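What follows is the content of work-v5.csv (CSV, C-alpha atoms).
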```csv
chain,number,residue,atom,x,y,z
D,1,MET,CA,18.2,-43.3,-68.7
D,2,PHE,CA,17.7,-39.7,-69.4
D,3,THR,CA,14.4,-38.2,-68.3
D,4,VAL,CA,13.0,-34.8,-68.8
D,5,ILE,CA,10.5,-33.8,-66.1
D,6,VAL,CA,8.2,-30.9,-66.8
D,7,GLY,CA,6.9,-29.2,-63.7
D,8,CYS,CA,8.8,-29.0,-60.4
D,9,SER,CA,5.7,-29.5,-58.3
D,10,THR,CA,6.1,-31.7,-55.2
D,11,THR,CA,5.5,-34.7,-57.4
D,12,GLY,CA,8.2,-33.5,-59.9
D,13,TYR,CA,10.6,-32.8,-57.1
D,14,HIS,CA,10.4,-36.1,-55.4
D,15,LEU,CA,10.4,-38.0,-58.7
D,16,ALA,CA,13.5,-36.2,-59.7
D,17,LYS,CA,15.3,-37.0,-56.4
D,18,ARG,CA,14.5,-40.7,-56.6
D,19,LEU,CA,15.6,-40.9,-60.3
D,20,LEU,CA,18.9,-39.2,-59.3
D,21,VAL,CA,19.5,-41.6,-56.5
D,22,GLU,CA,19.0,-44.5,-58.9
D,23,GLY,CA,21.8,-43.0,-61.1
D,24,ASN,CA,19.6,-41.6,-63.8
D,25,GLU,CA,20.2,-38.4,-65.7
D,26,ILE,CA,17.4,-35.9,-65.4
D,27,VAL,CA,16.5,-32.3,-66.2
D,28,ILE,CA,13.5,-30.6,-64.7
D,29,VAL,CA,11.8,-27.8,-66.7
D,30,GLU,CA,9.9,-25.4,-64.4
D,31,LYS,CA,8.2,-22.2,-65.6
D,32,SER,CA,8.1,-20.2,-62.4
D,33,LEU,CA,11.3,-18.3,-61.7
D,34,PRO,CA,10.7,-18.1,-57.9
D,35,ARG,CA,10.1,-21.8,-57.7
D,36,CYS,CA,13.3,-22.4,-59.7
D,37,GLN,CA,15.4,-20.1,-57.4
D,38,MET,CA,14.1,-22.0,-54.4
D,39,MET,CA,15.2,-25.3,-56.0
D,40,TRP,CA,18.5,-24.2,-57.5
D,41,ASP,CA,20.0,-23.9,-54.0
D,42,GLU,CA,19.4,-27.6,-53.4
D,43,MET,CA,19.4,-29.2,-56.8
D,44,GLY,CA,21.5,-26.9,-58.9
D,45,SER,CA,21.7,-27.1,-62.7
D,46,VAL,CA,19.3,-30.0,-63.2
D,47,ILE,CA,16.6,-27.4,-62.9
D,48,MET,CA,16.0,-25.3,-65.9
D,49,GLN,CA,13.8,-22.3,-66.0
D,50,GLY,CA,11.5,-22.6,-69.0
D,51,ASP,CA,8.2,-23.4,-70.5
D,52,GLY,CA,7.8,-27.1,-71.0
D,53,SER,CA,5.0,-26.6,-73.5
D,54,ASP,CA,7.4,-24.6,-75.7
D,55,PRO,CA,9.3,-26.8,-78.2
D,56,ALA,CA,12.3,-24.5,-78.1
D,57,ASP,CA,12.6,-24.7,-74.3
D,58,LEU,CA,12.2,-28.5,-74.4
D,59,ARG,CA,15.0,-28.7,-76.9
D,60,ARG,CA,17.2,-26.6,-74.6
D,61,ALA,CA,16.4,-29.1,-71.9
D,62,GLY,CA,17.8,-31.9,-74.1
D,63,ALA,CA,14.5,-33.5,-75.1
D,64,ALA,CA,15.9,-34.5,-78.5
D,65,ARG,CA,18.0,-37.2,-76.8
D,66,ALA,CA,15.6,-38.0,-73.9
D,67,ASP,CA,14.4,-41.5,-73.3
D,68,THR,CA,11.3,-40.4,-71.3
D,69,VAL,CA,9.4,-37.2,-70.8
D,70,VAL,CA,7.2,-36.9,-67.7
D,71,ALA,CA,4.6,-34.1,-67.5
D,72,VAL,CA,3.6,-33.3,-64.0
D,73,THR,CA,2.6,-29.6,-64.2
D,74,GLY,CA,-0.6,-29.9,-62.2
D,75,ARG,CA,-2.8,-29.0,-65.2
D,76,ASP,CA,-4.2,-31.8,-67.4
D,77,GLU,CA,-4.3,-29.7,-70.5
D,78,THR,CA,-0.7,-28.5,-70.2
D,79,ASN,CA,0.5,-32.1,-69.5
D,80,LEU,CA,-1.3,-33.2,-72.7
D,81,VAL,CA,0.4,-30.5,-74.8
D,82,VAL,CA,3.8,-31.4,-73.3
D,83,CYS,CA,3.4,-35.1,-74.1
D,84,GLN,CA,2.1,-34.3,-77.6
D,85,ILE,CA,5.2,-32.1,-78.3
D,86,ALA,CA,7.5,-34.8,-76.9
D,87,LYS,CA,5.9,-37.4,-79.2
D,88,HIS,CA,5.6,-35.5,-82.4
D,89,VAL,CA,8.5,-33.0,-82.3
D,90,PHE,CA,11.1,-35.2,-80.5
D,91,SER,CA,9.8,-38.7,-81.2
D,92,ILE,CA,10.1,-39.7,-77.5
D,93,SER,CA,9.3,-43.3,-77.1
D,94,ARG,CA,7.9,-43.1,-73.6
D,95,THR,CA,5.7,-40.2,-72.4
D,96,VAL,CA,4.1,-40.1,-69.0
D,97,ALA,CA,1.4,-37.7,-67.8
D,98,ALA,CA,-0.3,-37.1,-64.5
D,99,ILE,CA,-3.9,-36.1,-64.7
D,100,LYS,CA,-6.5,-34.9,-62.2
D,101,ASP,CA,-9.7,-35.5,-64.0
D,102,HIS,CA,-10.1,-39.3,-64.6
D,103,LYS,CA,-12.4,-38.6,-67.5
D,104,ASN,CA,-9.4,-37.3,-69.4
D,105,GLN,CA,-7.7,-40.7,-69.3
D,106,SER,CA,-9.3,-42.0,-72.5
D,107,ILE,CA,-8.3,-38.9,-74.6
D,108,PHE,CA,-4.7,-39.0,-73.3
D,109,ARG,CA,-4.5,-42.7,-74.4
D,110,VAL,CA,-6.2,-42.0,-77.8
D,111,LEU,CA,-3.7,-39.3,-78.4
D,112,GLY,CA,-0.8,-41.6,-77.8
D,113,VAL,CA,0.4,-40.7,-74.3
D,114,ASP,CA,2.1,-44.0,-73.1
D,115,ALA,CA,1.3,-43.9,-69.4
D,116,VAL,CA,-1.4,-41.9,-67.7
D,117,VAL,CA,-1.3,-41.6,-63.9
D,118,ASN,CA,-4.4,-40.4,-62.1
D,119,VAL,CA,-4.1,-39.7,-58.4
D,120,SER,CA,-7.8,-40.0,-57.6
D,121,ASP,CA,-7.8,-43.5,-59.1
D,122,LEU,CA,-4.7,-44.5,-57.1
D,123,ILE,CA,-6.4,-43.3,-53.9
D,124,LEU,CA,-9.7,-45.0,-54.8
D,125,ASN,CA,-7.9,-48.3,-55.5
D,126,SER,CA,-6.2,-48.2,-52.1
D,127,LEU,CA,-9.5,-47.4,-50.4
D,128,GLU,CA,-11.1,-50.4,-52.2
D,129,HIS,CA,-8.2,-52.6,-51.1
D,130,SER,CA,-8.8,-51.7,-47.5
D,131,VAL,CA,-12.5,-52.6,-47.7
D,132,ALA,CA,-12.7,-56.2,-46.5
D,133,GLY,CA,-12.7,-58.9,-49.2
D,134,ASN,CA,-15.8,-58.9,-51.5
D,135,ASN,CA,-15.0,-56.3,-54.1
D,136,LEU,CA,-14.0,-56.0,-57.6
D,137,ILE,CA,-10.8,-54.1,-57.5
D,138,ARG,CA,-9.3,-52.4,-60.5
D,139,LEU,CA,-5.6,-53.0,-60.3
D,140,THR,CA,-4.5,-51.0,-63.3
D,141,SER,CA,-5.9,-49.6,-66.5
D,142,LEU,CA,-4.5,-50.9,-69.7
D,143,ARG,CA,-3.5,-49.3,-73.0
D,144,ASP,CA,-6.9,-50.2,-74.3
D,145,PRO,CA,-9.0,-47.7,-72.3
D,146,THR,CA,-12.0,-50.1,-72.3
D,147,LYS,CA,-10.2,-52.8,-70.4
D,148,SER,CA,-8.5,-53.1,-67.0
D,149,LEU,CA,-6.8,-55.6,-64.9
D,150,VAL,CA,-9.1,-56.5,-62.0
D,151,SER,CA,-9.0,-58.7,-58.9
D,152,VAL,CA,-11.9,-60.5,-57.3
D,153,ILE,CA,-11.7,-62.6,-54.1
D,154,VAL,CA,-13.9,-65.7,-54.2
D,155,PRO,CA,-16.0,-65.7,-51.0
D,156,ALA,CA,-16.6,-69.0,-49.1
D,157,ASP,CA,-20.4,-69.0,-50.0
D,158,SER,CA,-19.8,-68.5,-53.7
D,159,GLN,CA,-21.2,-71.2,-56.1
D,160,ALA,CA,-17.8,-71.0,-57.8
D,161,VAL,CA,-16.0,-72.8,-55.0
D,162,GLY,CA,-15.0,-76.3,-56.1
D,163,LYS,CA,-15.6,-75.6,-59.8
D,164,GLY,CA,-13.1,-75.0,-62.7
D,165,ILE,CA,-12.7,-71.5,-64.2
D,166,SER,CA,-14.3,-72.6,-67.5
D,167,GLN,CA,-17.5,-73.8,-65.6
D,168,VAL,CA,-17.7,-70.5,-63.7
D,169,VAL,CA,-16.8,-67.9,-66.2
D,170,ASP,CA,-19.0,-68.3,-69.3
D,171,LYS,CA,-16.8,-67.5,-72.3
D,172,GLN,CA,-19.8,-67.2,-74.5
D,173,GLU,CA,-21.1,-64.3,-72.5
D,174,LEU,CA,-17.8,-62.7,-71.6
D,175,LYS,CA,-16.2,-62.3,-74.9
D,176,GLN,CA,-13.8,-59.5,-74.0
D,177,SER,CA,-12.6,-60.7,-70.6
D,178,SER,CA,-10.4,-63.5,-69.5
D,179,VAL,CA,-9.0,-64.9,-66.2
D,180,SER,CA,-5.2,-64.6,-66.2
D,181,LEU,CA,-4.1,-65.9,-62.8
D,182,VAL,CA,-5.4,-67.3,-59.6
D,183,LEU,CA,-3.5,-66.3,-56.4
D,184,ARG,CA,-3.8,-68.8,-53.5
D,185,GLY,CA,-1.8,-68.2,-50.4
D,186,ASN,CA,1.7,-67.5,-51.7
D,187,ALA,CA,1.2,-69.4,-55.0
D,188,ALA,CA,0.3,-67.9,-58.4
D,189,LEU,CA,-1.6,-70.6,-60.3
D,190,HIS,CA,-2.4,-70.7,-64.0
D,191,PRO,CA,-6.1,-71.1,-64.7
D,192,THR,CA,-5.8,-74.5,-66.3
D,193,GLU,CA,-8.7,-76.9,-66.9
D,194,GLU,CA,-7.8,-79.0,-63.8
D,195,LEU,CA,-7.7,-76.0,-61.4
D,196,LYS,CA,-10.7,-75.9,-59.0
D,197,LEU,CA,-11.5,-72.6,-57.3
D,198,GLU,CA,-11.3,-72.4,-53.5
D,199,ALA,CA,-12.7,-69.9,-51.0
D,200,ASP,CA,-10.4,-66.9,-50.6
D,201,ASP,CA,-8.7,-67.4,-54.0
D,202,GLU,CA,-7.9,-64.1,-55.6
D,203,VAL,CA,-8.8,-64.2,-59.3
D,204,ILE,CA,-6.8,-61.8,-61.5
D,205,ALA,CA,-8.5,-61.1,-64.8
D,206,ILE,CA,-8.5,-58.8,-67.8
D,207,ALA,CA,-12.0,-57.4,-67.9
D,208,SER,CA,-13.7,-54.9,-70.3
D,209,ALA,CA,-15.8,-52.2,-68.6
D,210,ASP,CA,-19.1,-53.6,-69.8
D,211,GLU,CA,-18.4,-57.1,-68.6
D,212,GLU,CA,-16.6,-56.6,-65.3
D,213,GLN,CA,-19.8,-56.5,-63.2
D,214,ARG,CA,-21.0,-59.8,-64.8
D,215,LEU,CA,-17.6,-61.4,-64.2
D,216,TYR,CA,-17.8,-60.3,-60.6
D,217,GLU,CA,-21.2,-61.9,-60.2
D,218,MET,CA,-20.1,-65.2,-61.8
D,219,LEU,CA,-17.2,-65.5,-59.4
D,220,THR,CA,-18.9,-64.4,-56.2
D,221,GLY,CA,-22.6,-65.2,-56.8
D,222,ALA,CA,-24.1,-67.6,-54.1
J,1,MET,CA,-27.4,-27.0,-86.5
J,2,HIS,CA,-26.4,-27.0,-82.8
J,3,VAL,CA,-23.1,-25.2,-82.2
J,4,LEU,CA,-21.3,-25.5,-78.9
J,5,ILE,CA,-18.8,-22.7,-78.0
J,6,TYR,CA,-16.4,-23.2,-75.0
J,7,GLY,CA,-15.1,-19.8,-73.7
J,8,CYS,CA,-17.0,-16.5,-73.5
J,9,THR,CA,-14.4,-14.0,-74.9
J,10,ARG,CA,-14.7,-11.1,-77.2
J,11,LEU,CA,-14.5,-13.5,-80.2
J,12,THR,CA,-17.6,-15.2,-78.7
J,13,ASP,CA,-19.4,-11.9,-78.3
J,14,ALA,CA,-19.2,-11.4,-82.0
J,15,LEU,CA,-19.4,-14.9,-83.3
J,16,ALA,CA,-22.4,-16.2,-81.2
J,17,PRO,CA,-24.9,-13.6,-82.4
J,18,ALA,CA,-23.7,-14.0,-86.0
J,19,LEU,CA,-24.3,-17.8,-85.8
J,20,VAL,CA,-27.7,-17.3,-84.2
J,21,ALA,CA,-28.6,-14.9,-87.1
J,22,ASP,CA,-27.6,-17.6,-89.5
J,23,GLY,CA,-30.2,-19.8,-87.9
J,24,HIS,CA,-28.0,-22.0,-85.7
J,25,ASP,CA,-28.8,-23.0,-82.2
J,26,VAL,CA,-25.9,-21.9,-80.0
J,27,THR,CA,-24.8,-22.9,-76.5
J,28,VAL,CA,-21.9,-21.0,-74.8
J,29,VAL,CA,-20.0,-22.5,-71.8
J,30,ASP,CA,-17.6,-20.5,-69.6
J,31,ALA,CA,-16.4,-20.3,-66.0
J,32,ASP,CA,-17.3,-16.6,-65.7
J,33,PRO,CA,-21.0,-16.0,-64.8
J,34,ASP,CA,-20.7,-12.2,-65.4
J,35,ARG,CA,-19.5,-12.6,-69.0
J,36,LEU,CA,-22.1,-15.1,-69.7
J,37,ALA,CA,-24.9,-12.9,-68.3
J,38,ILE,CA,-23.7,-10.0,-70.6
J,39,LEU,CA,-23.7,-12.3,-73.6
J,40,GLY,CA,-27.0,-13.8,-72.7
J,41,ARG,CA,-28.6,-10.4,-72.7
J,42,GLN,CA,-27.2,-9.5,-76.1
J,43,ALA,CA,-27.8,-12.7,-78.0
J,44,ASN,CA,-30.4,-15.5,-78.0
J,45,VAL,CA,-28.0,-18.2,-76.9
J,46,ARG,CA,-28.1,-20.8,-74.1
J,47,THR,CA,-25.4,-20.2,-71.5
J,48,LEU,CA,-23.8,-22.6,-69.1
J,49,CYS,CA,-21.6,-21.7,-66.3
J,50,ALA,CA,-18.9,-24.3,-65.9
J,51,SER,CA,-16.4,-25.0,-63.2
J,52,GLU,CA,-13.1,-26.5,-64.3
J,53,PRO,CA,-13.2,-29.8,-62.4
J,54,GLN,CA,-16.3,-31.0,-64.3
J,55,MET,CA,-15.2,-29.9,-67.7
J,56,GLN,CA,-16.4,-33.0,-69.5
J,57,ASP,CA,-19.8,-33.0,-67.8
J,58,TYR,CA,-20.3,-29.4,-69.0
J,59,LEU,CA,-19.5,-30.5,-72.6
J,60,LEU,CA,-22.2,-33.2,-72.3
J,61,ASP,CA,-24.7,-30.7,-70.6
J,62,GLY,CA,-23.9,-28.3,-73.4
J,63,GLY,CA,-25.0,-30.9,-75.9
J,64,ILE,CA,-21.7,-31.8,-77.5
J,65,GLU,CA,-23.0,-35.2,-78.5
J,66,ASN,CA,-25.6,-33.6,-80.8
J,67,SER,CA,-23.5,-30.7,-82.0
J,68,GLY,CA,-22.6,-30.1,-85.6
J,69,ALA,CA,-19.7,-27.8,-84.6
J,70,PHE,CA,-17.6,-27.1,-81.6
J,71,TYR,CA,-15.4,-24.0,-81.1
J,72,ALA,CA,-12.9,-23.7,-78.3
J,73,LEU,CA,-12.3,-19.9,-77.9
J,74,THR,CA,-10.9,-19.5,-74.3
J,75,GLY,CA,-7.7,-17.5,-73.9
J,76,ASP,CA,-5.9,-20.6,-72.8
J,77,ASP,CA,-4.2,-22.5,-75.7
J,78,HIS,CA,-3.7,-25.7,-73.8
J,79,LEU,CA,-7.3,-25.9,-72.6
J,80,ASN,CA,-8.5,-25.2,-76.1
J,81,VAL,CA,-6.5,-27.9,-77.6
J,82,LEU,CA,-7.5,-30.4,-75.0
J,83,LEU,CA,-11.2,-29.5,-75.5
J,84,CYS,CA,-10.9,-29.7,-79.3
J,85,GLN,CA,-9.3,-33.1,-79.3
J,86,LEU,CA,-12.0,-34.3,-76.9
J,87,ALA,CA,-14.6,-33.0,-79.2
J,88,SER,CA,-13.0,-34.7,-82.3
J,89,HIS,CA,-11.8,-38.0,-80.9
J,90,ILE,CA,-14.2,-38.8,-78.1
J,91,PHE,CA,-17.5,-37.0,-79.1
J,92,ASN,CA,-17.0,-37.2,-82.9
J,93,VAL,CA,-18.1,-33.7,-83.5
J,94,PRO,CA,-17.7,-33.2,-87.3
J,95,ASN,CA,-16.6,-29.6,-87.3
J,96,VAL,CA,-14.1,-28.4,-84.6
J,97,LEU,CA,-12.1,-25.2,-84.5
J,98,CYS,CA,-9.5,-24.4,-81.9
J,99,ARG,CA,-8.3,-20.9,-81.0
J,100,MET,CA,-4.5,-20.9,-80.7
J,101,GLU,CA,-2.4,-17.8,-80.0
J,102,ASP,CA,1.0,-19.5,-79.8
J,103,PRO,CA,2.4,-19.7,-83.3
J,104,GLN,CA,4.6,-22.7,-82.6
J,105,LEU,CA,1.7,-24.7,-81.2
J,106,ARG,CA,-0.5,-23.5,-84.1
J,107,ASP,CA,2.0,-25.2,-86.5
J,108,LEU,CA,2.4,-28.3,-84.5
J,109,TYR,CA,-1.4,-28.9,-84.0
J,110,GLY,CA,-2.1,-27.9,-87.6
J,111,GLU,CA,0.1,-30.9,-88.5
J,112,LEU,CA,-1.7,-33.1,-86.0
J,113,GLY,CA,-5.0,-32.4,-87.7
J,114,VAL,CA,-6.5,-29.8,-85.3
J,115,SER,CA,-8.2,-27.1,-87.3
J,116,ILE,CA,-7.1,-23.7,-86.0
J,117,PHE,CA,-9.7,-20.9,-85.6
J,118,ASP,CA,-8.7,-18.0,-87.8
J,119,ASN,CA,-8.9,-15.0,-85.5
J,120,GLY,CA,-7.8,-12.5,-88.0
J,121,PRO,CA,-9.9,-9.5,-89.1
J,122,ASP,CA,-12.3,-11.8,-91.1
J,123,PHE,CA,-12.8,-14.4,-88.4
J,124,LEU,CA,-16.6,-14.2,-88.7
J,125,GLY,CA,-16.4,-15.0,-92.4
J,126,SER,CA,-14.0,-17.9,-91.8
J,127,ALA,CA,-16.0,-19.4,-89.0
J,128,ARG,CA,-19.2,-19.2,-91.1
J,129,ASP,CA,-17.3,-20.8,-94.1
J,130,ALA,CA,-16.1,-23.6,-91.9
J,131,LEU,CA,-19.7,-24.4,-91.0
J,132,GLU,CA,-20.8,-24.5,-94.6
J,133,GLU,CA,-18.3,-27.3,-95.5
```

Output the file's structure as structure tokens, nothing else.
Amino acid sequence: MFTVIVGCSTTGYHLAKRLLVEGNEIVIVEKSLPRCQMMWDEMGSVIMQGDGSDPADLRRAGAARADTVVAVTGRDETNLVVCQIAKHVFSISRTVAAIKDHKNQSIFRVLGVDAVVNVSDLILNSLEHSVAGNNLIRLTSLRDPTKSLVSVIVPADSQAVGKGISQVVDKQELKQSSVSLVLRGNAALHPTEELKLEADDEVIAIASADEEQRLYEMLTGA
Amino acid sequence: MHVLIYGCTRLTDALAPALVADGHDVTVVDADPDRLAILGRQANVRTLCASEPQMQDYLLDGGIENSGAFYALTGDDHLNVLLCQLASHIFNVPNVLCRMEDPQLRDLYGELGVSIFDNGPDFLGSARDALEE
């Protein structure tokens, strides 16, 4: 796989090193000459001095034959421009952007950036994971910005214990959400009609933003 | 009509009073309080001092949801184009103009449907015409 990384920040640098170890071909485009000089000693010609938001520089980096373009410049607006150039000038099938402001996530998706990574969301998710048990945790956002993959742990005192999914989750009310999987111990169980929920089951569901709170209440309500 | 302008630059200094004179209700958002104060003394516009991390909050505070037009006039092409695409695709502002200095980006975004602010000698006339449409 050939990846063009725009921005040799700490993120860009470590990403590049790991991709190289896995045997991938990469080029890093970095605007700042002093930063490039620092990196040339270690990484050599995979670092190209140039402006990743300039189509001509991206072309010099080989974007025309790249499989993936990753924009990690540290500025949301520049990452968006890089991904839009990659999509529309070079027809890159997979573009990835890091963003800082989570509110920018929806516009990046609307404009066709394939994967949007948001550091504050990642930290938030791991914080929520570390809070004991009873929480709705957003595991990942999906291509449709209104939906996400969520996890809810069924508490022992929930009215859902001993009932089937269809009795607990009212499909009439939750039209845009659905339970995908139930994790029990080491087993991943399909939410079939026969399956009865037990305390400590982890329910994995696709939930829309307006319905996730209601889904949480249905699964955990006493 | 309510017009929201992001970026308090020399273009804004000329455009904002002209739009006010045409009877529009104008809000200008910028990160620089000094520039806003100067503009606020010269023209009857509402000014909002924004800090970058809350960009979208300032768009909302600036009334983007009820704006008939949005202009991104900062000196930063990338910021302008992000703001304009937010205005068009998220906030559905009917009339959006983007200042863009880089000729290559100008062509690319023109193809992608972003209307480019004409900052030539007759920029006032062009901006007014765009509002008429």

Just give me the gap between atom CA of Phe91 of chain J and atom CA of Leu48 of chain J in Å, one decimal is fine.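 Between atom CA of Phe91 of chain J and atom CA of Leu48 of chain J the gap is 18.6 Å.
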
Taking all atoms listed in the file into account, which residues of chain J are within 6 Å of chain D, as a list of chain:residue names? J:His78, J:Leu79, J:Leu82

I want to know what sits within 12 Å of Leu97 of chain J, based on all atoms listed in the file, with residues of the same chain fewer than 5 positions away left out; could you give that as an MDAnalysis selection string? chainID J and resid 3:6 68:74 80:88 106 109:110 113:119 123 126:131

Long-range neighbours of segment 171-183 of chain D as a short mmCIF file (atom, residue, chain, number, x, y, z; two decimals) with C-alpha atoms, keeping the file's coordinate frame, 9 Å cut-off, all atoms listed in the file, 4 positions minimum in chain:
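Result saved to result_38.cif:
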```cif
data_model
loop_
_atom_site.label_atom_id
_atom_site.label_comp_id
_atom_site.auth_asym_id
_atom_site.auth_seq_id
_atom_site.Cartn_x
_atom_site.Cartn_y
_atom_site.Cartn_z
CA LYS D 147 -10.20 -52.80 -70.40
CA ILE D 165 -12.70 -71.50 -64.20
CA SER D 166 -14.30 -72.60 -67.50
CA ALA D 187 1.20 -69.40 -55.00
CA ALA D 188 0.30 -67.90 -58.40
CA LEU D 189 -1.60 -70.60 -60.30
CA HIS D 190 -2.40 -70.70 -64.00
CA PRO D 191 -6.10 -71.10 -64.70
CA LEU D 197 -11.50 -72.60 -57.30
CA ASP D 201 -8.70 -67.40 -54.00
CA GLU D 202 -7.90 -64.10 -55.60
CA VAL D 203 -8.80 -64.20 -59.30
CA ILE D 204 -6.80 -61.80 -61.50
CA ALA D 205 -8.50 -61.10 -64.80
CA ILE D 206 -8.50 -58.80 -67.80
CA ALA D 207 -12.00 -57.40 -67.90
CA SER D 208 -13.70 -54.90 -70.30
CA ASP D 210 -19.10 -53.60 -69.80
CA GLU D 211 -18.40 -57.10 -68.60
CA GLU D 212 -16.60 -56.60 -65.30
CA ARG D 214 -21.00 -59.80 -64.80
CA LEU D 215 -17.60 -61.40 -64.20
#
```

One decimal, Å: what's the distance from atom CA of Phe2 of chain D over to atom CA of Arg18 of chain D, could you say?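 Going from atom CA of Phe2 of chain D over to atom CA of Arg18 of chain D, I get 13.2 Å.
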
Just give me the residues with any atom within 10 Å of (9.4, -35.2, -61.8), file coordinates, counting all atoms listed in the file, written as a PyMOL selection string. chain D and resi 3-19+26-29+69-73

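Shortest atom-to-atom contact with Leu60 of chain J among J:Pro121, J:Val45, J:Ile90, J:Asp34: J:Ile90, counting all atoms listed in the file.
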